[in-house]
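Student: First the structure, which I've put down as structure tokens, then a few questions once you've had a look.
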Amino acid sequence: MKKISISINPELEQMTVWGILVHQASVRAEQLALLSAAEPNLTYAQLLQRMLAYKLTFQQAGLTSADRIAIVLPNGLMLAEALLAVLSHACCAPLNPAYHQDDYEFYFRDLGVKAVILDDNDHSPAREVAIKMGLVILTPLSNADNFPYAEDALLFKDSSCPVSDDVALLLHTSGTTSRPKLVPLTQKNILTSMHNISNTLQLSDQDCSLNMMPLFHIHAIIGSLLATLYTGGRVICANGFQQHEFFNWLQAKIPTWYSAVPTIHQSILINAKNHPDILKSHVLRFIRSSSAALLPQVRTKIEETFKVPVIEAYGMTEGAQLTSDPLPPLHVKKGSVGLAAGPEVAVMDDQGQLLASGAIGEIVIRGANVMSGYEHNQDVNQASFTNGWFRTGDQGWMDDDGYIFLTDRLKEIINRGGEKISPREIDEVLMDHDDIIQAVTFAVAHPNLGEDIGAVVVLKPESTTTTSILRAYLFTRLPDFKVPSQIIILPEIPKGYTGKLQRIGLAEKLAGLHQQAYEAPINPIEKLLATHWCEILGIERIGIHDNFFFLGGHSLTATQAVTHVNRELGISLPLRALFEHPSIHELESEITQIQSSAKPEPVLTIKPRSRDAYTSLQQ
């Protein structure tokens, strides 16, 4: 291979992705950069060679550093390579290859892309939309090894290169009830985050990260790929997470760390017992978790299984990593997401005043890693920034040592008739149950309370636990008003595109999955309950498996329902029984059990008195 000789402005080298890649190729040209199970590994010199080939391709297509290029490719080395190329020479917009036609039409227009990189063999809706919109369609480079270098390498370091203030990466935040927000991150934002993460994790050129996360998400792009390349390490570009392949990667590719969302960690734990030899021989020095809260029980199991520390990081698209647990020997505090890991972090009240340690408020951040504002959304920007601080939307507090504790996502807090309920609190109690592998608590729309509580759980394969058993368990651990009105047992919890469990919108995703066909009441007790429930809830009919509270019931109507049963049947059914058994089918069984176990009242026998006894009473 011809020796690479490229001069570059020192300031540019420090502040752009392109500068970092040029630097690494100059000091460790033959060291591996990207590894794959399906494609040839790339050294830093080979990687830079491909970046130059991409640049020539962009120039030939009439694309400049200011143009926006979408990427729709499956996860793996090919995507990593294309992503790095666009970040180096233009503005990158990686998109999920699982999107539908309507999604691509929205994202291509919202992003303002001029070109899209698609696999030659890809016949997805993205190609059809790109043709319809007249976009330039590019394909990944199949072989750049014979790329003819220009003798004058100045061609690749001129003013056409992006600079630190140029927007380098465009990502949408996941939409919930409104239009997804478009986050523009500059070269400076990205380089700052690369430095912050590599510094927090004490990465070096000897480290090797295993990336299983999708490279259209901030977690993988910066948290796994770019942070590793920043320090000259190696990145294993897996084709997504595959539970059965994870331990093969540990053995064959020898990563020193990996980063993932909690759902992936939990899946790994399920399979870990089948690989005792690999658990003993791996060289992981830590495991990182981010993008969602890691339940304490899961963290403990990971550390016990792999015998390495788990580093939980708190971040978001708008600023990548915000806080992180420190590596040993520094102290990790239970329940905390660690210390500020790059940006300034504080706690603010609704009026914009910063709060003292210990006070609960909204977590706010500022720093060179934080975006300057959303695109197309000035109204949201005004609400999102206060006195230069970005409002994260997360609720929490800071202790005297600077450790951050999150209490909840403000938008995820369940407002049940005025009672503010933390879904994370309920998650943690559910996870204490021996039969539960995963649990997510979420808000359910309620006609009277505004919101009610639902939960979905995944049980161990051998478990015979029922929802009634789980609800009874929760009543022993939580105040009554915090117990979910309905618990759904599923083999798998629906996830977002990144594998992350999302509370917001989960009720809609689950609608229909757990509903049973209407089954009419048959026996007298079922008919009694159904008639009265329809009356107090104002509905026309109710099946024996329908949930009283999801149909609009609340504590007052529950009191009415139980009082009516006790009066009509002459029993003493406690109010809690309806909360524990919120369907007619469940409550009928409870009532029948009460009736069968009730001791009959002793019959009072009145014996007639003798006339003599009556006479004596008169005297």
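Labels for the structure tokens follow display order: chains A, B, ..., residues from 1 in each chain, ligands from 1.
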DSSP on the backbone: which residues in segment 133-294 of chain A end up as strand (DSSP E)? Give the answer as number ranges by chain.
Tutor: A: 136-138, 167-172, 182-186, 208-211, 234-237, 257-260, 286-289
Student: Could you write those residues out with N, CA and C atoms, as a short mmCIF file (atom, residue, chain, number, x, y, z; two decimals), in the first residue's frame?
Tutor:
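That gives us again_18.cif:
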```cif
data_model
loop_
_atom_site.label_atom_id
_atom_site.label_comp_id
_atom_site.auth_asym_id
_atom_site.auth_seq_id
_atom_site.Cartn_x
_atom_site.Cartn_y
_atom_site.Cartn_z
N VAL A 136 -29.80 11.91 -4.98
CA VAL A 136 -28.63 11.19 -5.48
C VAL A 136 -28.53 9.88 -4.70
N ILE A 137 -28.45 8.76 -5.41
CA ILE A 137 -28.34 7.46 -4.74
C ILE A 137 -26.91 6.96 -4.89
N LEU A 138 -26.26 6.73 -3.75
CA LEU A 138 -24.89 6.23 -3.72
C LEU A 138 -24.88 4.83 -3.13
N VAL A 167 -22.46 21.58 11.05
CA VAL A 167 -23.30 20.48 11.52
C VAL A 167 -22.81 19.19 10.87
N ALA A 168 -22.52 18.20 11.71
CA ALA A 168 -21.95 16.93 11.23
C ALA A 168 -22.93 15.78 11.29
N LEU A 169 -23.84 15.82 12.25
CA LEU A 169 -24.73 14.68 12.51
C LEU A 169 -26.13 15.17 12.81
N LEU A 170 -27.11 14.57 12.13
CA LEU A 170 -28.51 14.91 12.35
C LEU A 170 -29.25 13.67 12.83
N LEU A 171 -29.85 13.79 14.01
CA LEU A 171 -30.60 12.67 14.59
C LEU A 171 -31.93 13.19 15.10
N HIS A 172 -32.97 12.38 14.98
CA HIS A 172 -34.27 12.74 15.52
C HIS A 172 -34.44 12.10 16.91
N LEU A 182 -35.66 17.40 15.66
CA LEU A 182 -34.43 17.17 14.91
C LEU A 182 -33.26 17.82 15.63
N VAL A 183 -32.28 16.99 16.01
CA VAL A 183 -31.11 17.43 16.76
C VAL A 183 -29.91 17.57 15.82
N PRO A 184 -29.38 18.78 15.65
CA PRO A 184 -28.16 18.95 14.86
C PRO A 184 -26.94 19.02 15.77
N LEU A 185 -25.98 18.14 15.56
CA LEU A 185 -24.75 18.14 16.34
C LEU A 185 -23.59 18.56 15.45
N THR A 186 -22.82 19.52 15.91
CA THR A 186 -21.68 20.01 15.13
C THR A 186 -20.47 19.11 15.32
N CYS A 208 -10.58 -2.50 23.01
CA CYS A 208 -11.39 -3.00 21.90
C CYS A 208 -12.84 -3.03 22.35
N SER A 209 -13.69 -2.26 21.68
CA SER A 209 -15.10 -2.22 22.07
C SER A 209 -15.92 -3.12 21.16
N LEU A 210 -16.91 -3.75 21.74
CA LEU A 210 -17.86 -4.57 20.98
C LEU A 210 -19.13 -3.75 20.81
N ASN A 211 -19.42 -3.34 19.58
CA ASN A 211 -20.63 -2.56 19.34
C ASN A 211 -21.74 -3.43 18.77
N ARG A 234 -9.79 -0.42 18.86
CA ARG A 234 -10.45 -1.24 17.85
C ARG A 234 -11.93 -1.35 18.16
N VAL A 235 -12.74 -1.41 17.09
CA VAL A 235 -14.19 -1.54 17.25
C VAL A 235 -14.67 -2.78 16.51
N ILE A 236 -15.34 -3.67 17.22
CA ILE A 236 -15.96 -4.84 16.60
C ILE A 236 -17.34 -4.40 16.13
N CYS A 237 -17.56 -4.44 14.82
CA CYS A 237 -18.83 -3.96 14.24
C CYS A 237 -19.76 -5.15 14.04
N TRP A 257 -14.34 -4.14 26.41
CA TRP A 257 -15.56 -3.55 26.99
C TRP A 257 -16.66 -3.53 25.95
N TYR A 258 -17.87 -3.39 26.42
CA TYR A 258 -18.99 -3.17 25.50
C TYR A 258 -19.99 -2.27 26.19
N SER A 259 -20.81 -1.62 25.38
CA SER A 259 -21.85 -0.73 25.89
C SER A 259 -23.18 -1.14 25.29
N ALA A 260 -24.23 -1.15 26.09
CA ALA A 260 -25.53 -1.60 25.60
C ALA A 260 -26.65 -1.01 26.45
N PHE A 286 -14.57 -3.64 31.97
CA PHE A 286 -15.80 -3.03 32.49
C PHE A 286 -16.90 -3.23 31.47
N ILE A 287 -18.14 -3.00 31.90
CA ILE A 287 -19.31 -3.05 31.03
C ILE A 287 -20.06 -1.74 31.21
N ARG A 288 -20.45 -1.14 30.12
CA ARG A 288 -21.14 0.16 30.18
C ARG A 288 -22.61 -0.02 29.85
N SER A 289 -23.45 0.72 30.54
CA SER A 289 -24.89 0.71 30.27
C SER A 289 -25.37 2.14 30.12
#
```
Student: Which residue, A:His433, A:Arg477, A:His282, A:Lys333, has the smallest gap to Val457 of chain A when you use only C-alpha atoms?
Tutor: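 When distances to Val457 of chain A are compared using only C-alpha atoms, the smallest one comes from A:His433.
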Student: Which of these, A:Ala356, A:Gly233, A:Asp435, A:Pro479, has the shortest distance to Thr466 of chain A once you count only C-alpha atoms?
Tutor: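 The shortest atom-to-atom distance to Thr466 of chain A comes from A:Asp435.
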Student: Excluding Pro326 of chain A and any residue of its chain fewer than 4 positions from it, enumerate the residues within 8 Å of it, using only C-alpha atoms, and give them as an mmCIF file with N, CA and C atoms, in the first residue's frame.
Tutor:
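Output saved as out.cif:
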```
data_model
loop_
_atom_site.group_PDB
_atom_site.id
_atom_site.type_symbol
_atom_site.label_atom_id
_atom_site.label_comp_id
_atom_site.auth_asym_id
_atom_site.auth_seq_id
_atom_site.Cartn_x
_atom_site.Cartn_y
_atom_site.Cartn_z
ATOM 1 N N THR A 200 -13.701 9.460 30.464
ATOM 2 C CA THR A 200 -14.436 8.814 31.559
ATOM 3 C C THR A 200 -14.079 7.342 31.678
ATOM 4 N N LEU A 201 -13.973 6.669 30.540
ATOM 5 C CA LEU A 201 -13.726 5.226 30.524
ATOM 6 C C LEU A 201 -12.241 4.887 30.502
ATOM 7 N N ILE A 311 -20.520 0.289 34.540
ATOM 8 C CA ILE A 311 -20.485 1.744 34.522
ATOM 9 C C ILE A 311 -21.776 2.229 33.887
ATOM 10 N N LEU A 330 -12.494 4.864 42.229
ATOM 11 C CA LEU A 330 -13.427 5.892 42.676
ATOM 12 C C LEU A 330 -14.754 5.262 43.058
ATOM 13 N N HIS A 331 -15.489 5.959 43.867
ATOM 14 C CA HIS A 331 -16.683 5.413 44.499
ATOM 15 C C HIS A 331 -17.897 5.482 43.585
ATOM 16 N N VAL A 332 -18.682 4.419 43.573
ATOM 17 C CA VAL A 332 -19.974 4.390 42.889
ATOM 18 C C VAL A 332 -21.057 4.387 43.952
ATOM 19 N N GLY A 338 -24.051 8.730 38.615
ATOM 20 C CA GLY A 338 -22.671 9.176 38.647
ATOM 21 C C GLY A 338 -22.466 10.674 38.689
ATOM 22 N N LEU A 339 -21.276 11.057 38.281
ATOM 23 C CA LEU A 339 -20.840 12.450 38.326
ATOM 24 C C LEU A 339 -20.905 13.068 36.933
#
```
Student: Can you check which residues of segment 468-504 of chain A DSSP gives as alpha helix (DSSP H) on the backbone and send them as an NGL selection string?
Tutor: :A and (468-475)
Student: Of the residues A:Leu269, A:Thr256, A:Leu111, A:Ala530, which is the one nearest to Ser204 of chain A, using only C-alpha atoms?
Tutor: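 Counting only C-alpha atoms, the residue closest to Ser204 of chain A is A:Thr256.
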Student: I need the residue nearest Lys460 of chain A from this list: A:Ile270, A:Ala383, A:Ala293, A:Ile584. Use only C-alpha atoms for the distance.
Tutor: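 Smallest separation from Lys460 of chain A among the options: A:Ile270.
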